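Next up, query32.txt (compact mmCIF, C-alpha atoms and all ligand atoms):
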```txt
# COMPACT_ATOMS: atom_id res chain seq x y z
CA MET K 22 58.24 34.83 126.83
CA ILE K 23 61.70 36.31 126.30
CA TRP K 24 62.01 39.71 124.67
CA ILE K 25 65.39 40.63 123.25
CA LYS K 26 65.23 44.37 122.85
CA ASN K 27 67.63 46.40 120.71
CA LEU K 28 70.72 44.65 122.04
CA THR K 29 74.07 46.14 121.16
CA LYS K 30 77.43 44.93 122.46
CA GLN K 31 80.55 46.80 121.55
CA TYR K 32 84.09 45.49 122.18
CA GLY K 33 86.26 48.47 121.30
CA LYS K 34 85.62 48.96 117.61
CA VAL K 35 83.96 45.57 117.13
CA LYS K 36 80.17 45.50 117.28
CA ALA K 37 79.60 41.94 118.44
CA LEU K 38 75.84 42.69 118.44
CA ASP K 39 74.21 45.47 116.48
CA ASN K 40 70.70 46.45 117.59
CA VAL K 41 69.31 42.90 117.73
CA SER K 42 65.62 42.38 118.64
CA PHE K 43 63.49 39.24 118.59
CA THR K 44 61.33 37.10 120.87
CA ILE K 45 61.50 33.53 122.17
CA LYS K 46 58.32 31.78 123.28
CA THR K 47 57.96 29.69 126.41
CA GLY K 48 58.44 25.97 125.74
CA GLU K 49 60.09 26.24 122.37
CA ILE K 50 63.47 24.99 121.21
CA PHE K 51 65.02 28.10 119.79
CA GLY K 52 68.20 28.01 117.69
CA ILE K 53 70.68 30.87 117.46
CA VAL K 54 72.50 30.23 114.25
CA GLY K 55 75.45 31.84 112.50
CA PRO K 56 79.09 31.42 111.49
CA ASN K 57 82.05 31.93 113.85
CA GLY K 58 82.19 35.48 115.15
CA ALA K 59 78.50 36.13 114.40
CA GLY K 60 77.78 37.13 118.00
CA LYS K 61 76.02 33.96 119.21
CA SER K 62 78.04 33.48 122.42
CA THR K 63 77.85 37.19 123.18
CA LEU K 64 74.06 37.13 122.80
CA ILE K 65 73.47 34.16 125.07
CA SER K 66 75.98 35.40 127.63
CA ILE K 67 73.91 38.58 127.86
CA ILE K 68 70.64 36.64 128.18
CA SER K 69 72.31 34.60 130.95
CA THR K 70 73.42 37.80 132.77
CA VAL K 71 77.08 36.76 132.46
CA LEU K 72 77.78 39.80 130.29
CA LYS K 73 76.23 43.29 130.25
CA PRO K 74 75.04 44.83 126.99
CA THR K 75 76.34 48.20 125.78
CA ALA K 76 72.72 49.11 125.00
CA GLY K 77 69.32 47.44 125.02
CA ASP K 78 67.71 44.96 127.39
CA VAL K 79 66.38 41.43 127.68
CA VAL K 80 63.08 40.91 129.50
CA ILE K 81 62.02 37.45 130.67
CA ASP K 82 58.41 37.45 131.83
CA GLU K 83 58.43 40.70 133.83
CA TYR K 84 62.12 40.68 134.77
CA SER K 85 64.91 42.64 133.12
CA ILE K 86 68.51 41.40 132.91
CA ILE K 87 69.61 44.92 133.85
CA LYS K 88 67.21 45.64 136.70
CA ASN K 89 66.55 42.14 138.07
CA PRO K 90 69.53 39.91 137.21
CA GLU K 91 69.06 37.82 140.36
CA HIS K 92 65.49 36.90 139.31
CA ILE K 93 66.72 35.96 135.85
CA ARG K 94 69.48 33.75 137.31
CA ARG K 95 66.89 31.76 139.22
CA LYS K 96 65.00 31.01 136.01
CA ILE K 97 67.87 30.01 133.78
CA GLY K 98 70.55 27.37 133.50
CA TYR K 99 73.51 28.37 131.35
CA VAL K 100 75.79 25.81 129.75
CA PRO K 101 78.95 27.60 128.57
CA GLN K 102 80.81 26.67 125.40
CA GLU K 103 83.95 25.79 127.35
CA ILE K 104 83.59 22.85 129.69
CA ALA K 105 83.85 24.17 133.25
CA LEU K 106 84.58 21.20 135.50
CA TYR K 107 87.22 20.12 137.99
CA SER K 108 88.92 17.18 136.33
CA THR K 109 90.43 15.74 139.53
CA LEU K 110 87.06 15.69 141.33
CA SER K 111 84.41 13.00 140.87
CA VAL K 112 81.13 13.57 139.06
CA ALA K 113 79.27 13.78 142.38
CA ASP K 114 81.79 16.20 143.90
CA ASN K 115 81.64 18.46 140.86
CA LEU K 116 77.86 18.58 141.17
CA LYS K 117 78.09 19.29 144.90
CA PHE K 118 80.69 22.00 144.34
CA TRP K 119 78.67 23.76 141.64
CA ALA K 120 75.46 23.33 143.61
CA GLY K 121 77.10 25.40 146.35
CA ILE K 122 77.69 28.19 143.86
CA THR K 123 74.74 28.13 141.48
CA ALA K 124 72.03 27.39 144.02
CA THR K 125 72.95 30.07 146.55
CA GLY K 126 69.79 31.42 148.11
CA LEU K 127 67.83 28.36 147.00
CA LYS K 128 67.12 25.22 148.97
CA LYS K 129 70.07 23.05 149.90
CA VAL K 130 70.96 20.44 147.30
CA THR K 131 70.88 16.95 148.83
CA SER K 132 72.60 13.73 147.75
CA ALA K 133 69.23 12.62 146.37
CA ASP K 134 69.14 15.78 144.22
CA ILE K 135 72.64 15.02 142.96
CA ARG K 136 71.60 11.48 142.01
CA ARG K 137 68.43 12.72 140.31
CA ILE K 138 70.32 15.31 138.27
CA ALA K 139 73.03 12.82 137.30
CA ALA K 140 70.26 10.47 136.15
CA ILE K 141 68.72 13.18 133.97
CA VAL K 142 71.89 13.26 131.91
CA GLY K 143 72.53 9.49 132.18
CA LEU K 144 75.52 9.69 134.53
CA GLU K 145 73.99 7.96 137.56
CA GLU K 146 76.44 5.06 137.19
CA LYS K 147 79.42 7.44 137.07
CA LEU K 148 78.93 9.44 140.27
CA ASN K 149 82.21 8.28 141.83
CA ILE K 150 84.31 8.47 138.67
CA LYS K 151 86.77 11.34 138.29
CA VAL K 152 85.99 13.76 135.48
CA VAL K 153 89.41 13.14 133.91
CA GLN K 154 88.28 9.56 133.22
CA LEU K 155 85.02 10.52 131.46
CA SER K 156 84.60 10.53 127.68
CA GLY K 157 84.11 13.87 125.89
CA GLY K 158 80.37 13.24 125.58
CA MET K 159 80.05 12.47 129.29
CA LYS K 160 81.92 15.66 130.20
CA ARG K 161 79.48 17.63 128.04
CA ARG K 162 76.56 15.96 129.76
CA LEU K 163 77.99 16.72 133.18
CA ASN K 164 78.45 20.33 132.08
CA ILE K 165 74.74 20.36 131.21
CA ALA K 166 73.87 18.74 134.55
CA VAL K 167 75.60 21.61 136.37
CA ALA K 168 73.22 24.02 134.65
CA MET K 169 70.23 21.88 135.72
CA LEU K 170 71.00 22.13 139.43
CA ASN K 171 68.58 24.98 140.10
CA ASP K 172 65.78 23.28 138.11
CA PRO K 173 65.67 26.13 135.57
CA GLU K 174 62.67 27.01 133.38
CA ILE K 175 65.02 28.06 130.61
CA ILE K 176 68.14 26.16 129.55
CA ILE K 177 70.69 28.02 127.48
CA MET K 178 73.44 26.02 125.77
CA ASP K 179 76.39 27.28 123.78
CA GLU K 180 77.28 24.79 121.02
CA PRO K 181 76.64 21.73 123.20
CA THR K 182 77.50 19.25 120.44
CA VAL K 183 80.86 20.64 119.32
CA GLY K 184 83.66 18.10 119.68
CA VAL K 185 81.49 15.15 120.73
CA ASP K 186 81.12 11.88 118.82
CA ILE K 187 77.99 10.86 116.92
CA LYS K 188 76.60 8.79 119.79
CA ALA K 189 76.99 11.59 122.36
CA ARG K 190 75.54 14.06 119.88
CA ARG K 191 72.43 11.95 119.46
CA GLU K 192 72.12 11.66 123.24
CA ILE K 193 72.39 15.41 123.71
CA MET K 194 69.83 16.02 120.98
CA ARG K 195 67.44 13.53 122.54
CA PHE K 196 68.01 15.18 125.89
CA ILE K 197 67.18 18.63 124.45
CA LYS K 198 63.91 17.20 123.07
CA ASP K 199 63.10 15.67 126.47
CA LEU K 200 63.63 19.03 128.17
CA ALA K 201 61.20 20.69 125.78
CA ASN K 202 58.69 17.88 126.36
CA GLN K 203 58.89 18.69 130.07
CA GLY K 204 57.86 22.26 129.26
CA LYS K 205 61.32 23.82 129.47
CA THR K 206 62.39 26.53 127.07
CA VAL K 207 65.65 25.62 125.34
CA ILE K 208 67.86 28.18 123.66
CA TYR K 209 70.94 26.89 121.97
CA THR K 210 73.54 27.98 119.47
CA SER K 211 74.65 25.79 116.65
CA HIS K 212 76.10 25.88 113.21
CA SER K 213 74.81 22.45 112.28
CA SER K 214 71.79 22.73 109.99
CA GLU K 215 71.13 19.03 110.52
CA GLU K 216 70.59 19.63 114.24
CA ILE K 217 68.51 22.71 113.64
CA GLU K 218 66.26 20.82 111.26
CA VAL K 219 65.66 18.05 113.80
CA LEU K 220 65.27 20.22 116.90
CA CYS K 221 64.23 23.80 116.37
CA ASN K 222 60.82 25.36 116.29
CA ARG K 223 62.27 28.72 115.38
CA ILE K 224 65.65 30.30 114.78
CA ALA K 225 67.44 33.63 114.78
CA LEU K 226 70.12 33.98 112.13
CA LEU K 227 73.07 36.22 112.99
CA ASN K 228 76.05 37.38 111.01
CA GLU K 229 78.61 39.97 112.10
CA GLY K 230 76.36 41.02 114.97
CA LYS K 231 73.31 41.64 112.82
CA LEU K 232 70.01 39.76 112.93
CA LEU K 233 69.30 38.63 109.36
CA PHE K 234 66.32 36.37 109.95
CA GLU K 235 63.97 35.37 112.76
CA GLY K 236 61.24 32.77 112.36
CA SER K 237 60.38 29.15 111.66
CA LEU K 238 62.24 26.96 109.17
CA GLU K 239 59.21 27.07 106.85
CA GLU K 240 59.31 30.85 106.94
CA ALA K 241 63.04 30.72 106.16
CA ARG K 242 62.36 28.50 103.16
CA LYS K 243 59.56 30.78 102.00
CA GLN K 244 61.65 33.90 102.34
CA ALA K 245 64.51 32.32 100.42
CA GLU K 246 62.10 31.30 97.63
CA GLU K 247 60.71 34.81 97.47
CA ARG K 248 64.24 36.09 97.07
CA ASN K 249 64.67 33.67 94.21
CA ILE K 250 67.11 31.21 95.79
CA SER K 251 66.03 28.49 93.32
CA SER K 252 67.83 30.22 90.48
CA LEU K 253 71.11 29.43 92.26
CA PHE K 254 70.47 25.69 92.37
CA SER K 255 69.44 24.65 88.88
CA GLY K 256 67.51 21.43 89.16
CA ARG K 257 67.76 20.56 92.83
CA PRO K 258 65.72 21.97 95.71
CA PRO K 259 67.91 24.00 98.08
CA ARG K 260 68.85 22.28 101.36
CA LEU K 261 68.37 23.96 104.72
CA ASP K 262 72.14 24.58 104.71
CA ASP K 263 71.84 26.55 101.47
CA ILE K 264 68.89 28.51 102.80
CA LEU K 265 70.66 29.51 106.03
CA CYS K 266 73.79 30.58 104.15
CA TYR K 267 71.69 32.54 101.67
CA LEU K 268 69.54 34.36 104.23
CA GLY K 269 72.47 34.73 106.64
CA ASN K 270 74.70 36.06 103.92
CA TRP K 271 77.63 33.75 104.60
CA GLU K 272 79.76 31.35 102.59
CA SER K 273 78.87 27.68 102.94
CA ASP K 274 81.70 25.21 103.53
P1 LIG W 1 80.22 33.45 118.01
O1 LIG W 1 79.88 32.84 119.32
O2 LIG W 1 79.06 33.58 117.08
O3 LIG W 1 81.37 32.77 117.34
P2 LIG W 1 81.13 35.71 119.64
O4 LIG W 1 79.92 36.22 120.31
O5 LIG W 1 82.05 34.86 120.41
O6 LIG W 1 80.69 34.98 118.28
O7 LIG W 1 81.99 36.93 119.07
C1 LIG W 1 81.41 37.99 118.30
C2 LIG W 1 82.49 39.00 117.94
O8 LIG W 1 82.93 39.68 119.12
C3 LIG W 1 83.73 38.41 117.31
O9 LIG W 1 84.20 39.33 116.36
C4 LIG W 1 84.67 38.27 118.47
O10 LIG W 1 86.00 38.34 118.02
C5 LIG W 1 84.31 39.49 119.31
N1 LIG W 1 84.55 39.28 120.76
C6 LIG W 1 83.96 38.35 121.53
N2 LIG W 1 84.36 38.44 122.82
C7 LIG W 1 85.24 39.47 122.85
C8 LIG W 1 86.03 40.07 123.89
N3 LIG W 1 85.95 39.64 125.17
N4 LIG W 1 86.82 41.10 123.55
C9 LIG W 1 86.88 41.55 122.28
N5 LIG W 1 86.17 41.04 121.27
C10 LIG W 1 85.36 40.00 121.53
MG MG W 2 80.55 31.10 120.27
```

As a first step, turn the structure in this file into structure tokens.
Amino acid sequence: MIWIKNLTKQYGKVKALDNVSFTIKTGEIFGIVGPNGAGKSTLISIISTVLKPTAGDVVIDEYSIIKNPEHIRRKIGYVPQEIALYSTLSVADNLKFWAGITATGLKKVTSADIRRIAAIVGLEEKLNIKVVQLSGGMKRRLNIAVAMLNDPEIIIMDEPTVGVDIKARREIMRFIKDLANQGKTVIYTSHSSEEIEVLCNRIALLNEGKLLFEGSLEEARKQAEERNISSLFSGRPPRLDDILCYLGNWESD
């Protein structure tokens, strides 16, 4: 269980997060949803201990990101929004390099581990290929593999499907489902309602740093109905897109 407790993050005058609280259950695929600038990356960077909050805390099982960041780091794998890879190194060498950094204090990562992790993301045939020669989707998958090196219980991904083609997107989505089937908790940010509909058990909806909804998609639908969303769409049932924009108080595109 992950408790997000009254998180606030202030950048000068900008409140990137404004007193946000919600919970994420073990083993669920949890979506953090909102338009650009909503605070999604800030929130998951704080959960991942990359960034410190101005106020509040995140507690995972009994560990706090403030008091026990090193325990938290052992439990999580964080996939940043920007691809962080060495383009002139091979797939295997990137994994070895990052293993040296991310797995410090853990057991040594062997060549067999590298092969196993590459296989998880379908790159076992590409171990000796330089990153510069990989497709965009493969680079994304390698970025995910880096976060899997310490066999984390919780995988946190920041917009993993942005800028990838349809095939790679489907692969990543299938991979996220597989992780959840193996009992991992997956937290990811997205602004694609199509993905959310396919993947997520529950979501948190952010806009301008504020939490505007937390719950399942059915609950979102119900809440929108109660607030009379149907009157806006004469004749047709509102799509998930419409519901998220309505509850999240943002313009649809
Ligand atoms: P999202 O990931 O939902 O697009 P972010 O968490 O990246 O949103 O940003 C939330 C808000 O905080 C935005 O207004 C953004 O401009 C601001 N922000 C993010 N990082 C910084 C920073 N390092 N310095 C100043 N402002 C920032
Ligand atoms: Mg972001």

Task: Spatial neighbours of Lys26 (chain K), 8 Å, all atoms listed in the file, chain gap at least 5 places, as a list of chain:residue names - done: K:Asn40, K:Val41, K:Ser42, K:Phe43, K:Gly77, K:Asp78, K:Val79, K:Val80

Dump as a PDB file, in the frame of the given file, selection limited to C-alpha atoms:
```
ATOM      1  CA  ASN K  40      70.700  46.450 117.590  1.00  0.00           C
ATOM      2  CA  VAL K  41      69.310  42.900 117.730  1.00  0.00           C
ATOM      3  CA  SER K  42      65.620  42.380 118.640  1.00  0.00           C
ATOM      4  CA  PHE K  43      63.490  39.240 118.590  1.00  0.00           C
ATOM      5  CA  GLY K  77      69.320  47.440 125.020  1.00  0.00           C
ATOM      6  CA  ASP K  78      67.710  44.960 127.390  1.00  0.00           C
ATOM      7  CA  VAL K  79      66.380  41.430 127.680  1.00  0.00           C
ATOM      8  CA  VAL K  80      63.080  40.910 129.500  1.00  0.00           C
TER       9      VAL K  80
END
```

Select the residues contacting ligand MG 2 (chain W) at a distance of at most 9 Å, based on all atoms listed in the file, then format the selection as an mmCIF file with C-alpha atoms, in the frame of the given file.
```
data_model
loop_
_atom_site.group_PDB
_atom_site.id
_atom_site.type_symbol
_atom_site.label_atom_id
_atom_site.label_comp_id
_atom_site.auth_asym_id
_atom_site.auth_seq_id
_atom_site.Cartn_x
_atom_site.Cartn_y
_atom_site.Cartn_z
ATOM 1 C CA PRO K 56 79.090 31.420 111.490
ATOM 2 C CA ASN K 57 82.050 31.930 113.850
ATOM 3 C CA GLY K 58 82.190 35.480 115.150
ATOM 4 C CA ALA K 59 78.500 36.130 114.400
ATOM 5 C CA GLY K 60 77.780 37.130 118.000
ATOM 6 C CA LYS K 61 76.020 33.960 119.210
ATOM 7 C CA SER K 62 78.040 33.480 122.420
ATOM 8 C CA THR K 63 77.850 37.190 123.180
ATOM 9 C CA GLN K 102 80.810 26.670 125.400
ATOM 10 C CA ASP K 179 76.390 27.280 123.780
ATOM 11 C CA GLU K 180 77.280 24.790 121.020
ATOM 12 C CA THR K 210 73.540 27.980 119.470
ATOM 13 C CA SER K 211 74.650 25.790 116.650
#
```

Report the closest atom pair, with its distance in Å rounded to one decimal, for each residue of region 27-136 of chain K that has an atom no farther than 12 Å from region 237-260 of chain K; count all atoms listed in the file, sort by chain and then rising residue number, and write it as a tab-separated table.
```
residue	atom	partner	partner_atom	distance
K:Ile45	CA	K:Ser237	CA	11.4
K:Glu49	CA	K:Ser237	CA	11.1
K:Ile50	CA	K:Ser237	CA	10.9
K:Phe51	CA	K:Ser237	CA	9.4
K:Gly52	CA	K:Ser237	CA	9.9
K:Ile53	CA	K:Ser237	CA	11.9
K:Val54	CA	K:Leu238	CA	11.9
```

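You will find CA of Ser111 (chain K) at 14.5 Å from CA of Ile138 (chain K).
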
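The shortest atom-to-atom distance to ligand LIG 1 (chain W), with only C-alpha atoms and all ligand atoms taken into account, belongs to K:Leu227 out of K:Cys266, K:Leu227, K:Ile217, K:Ile208.
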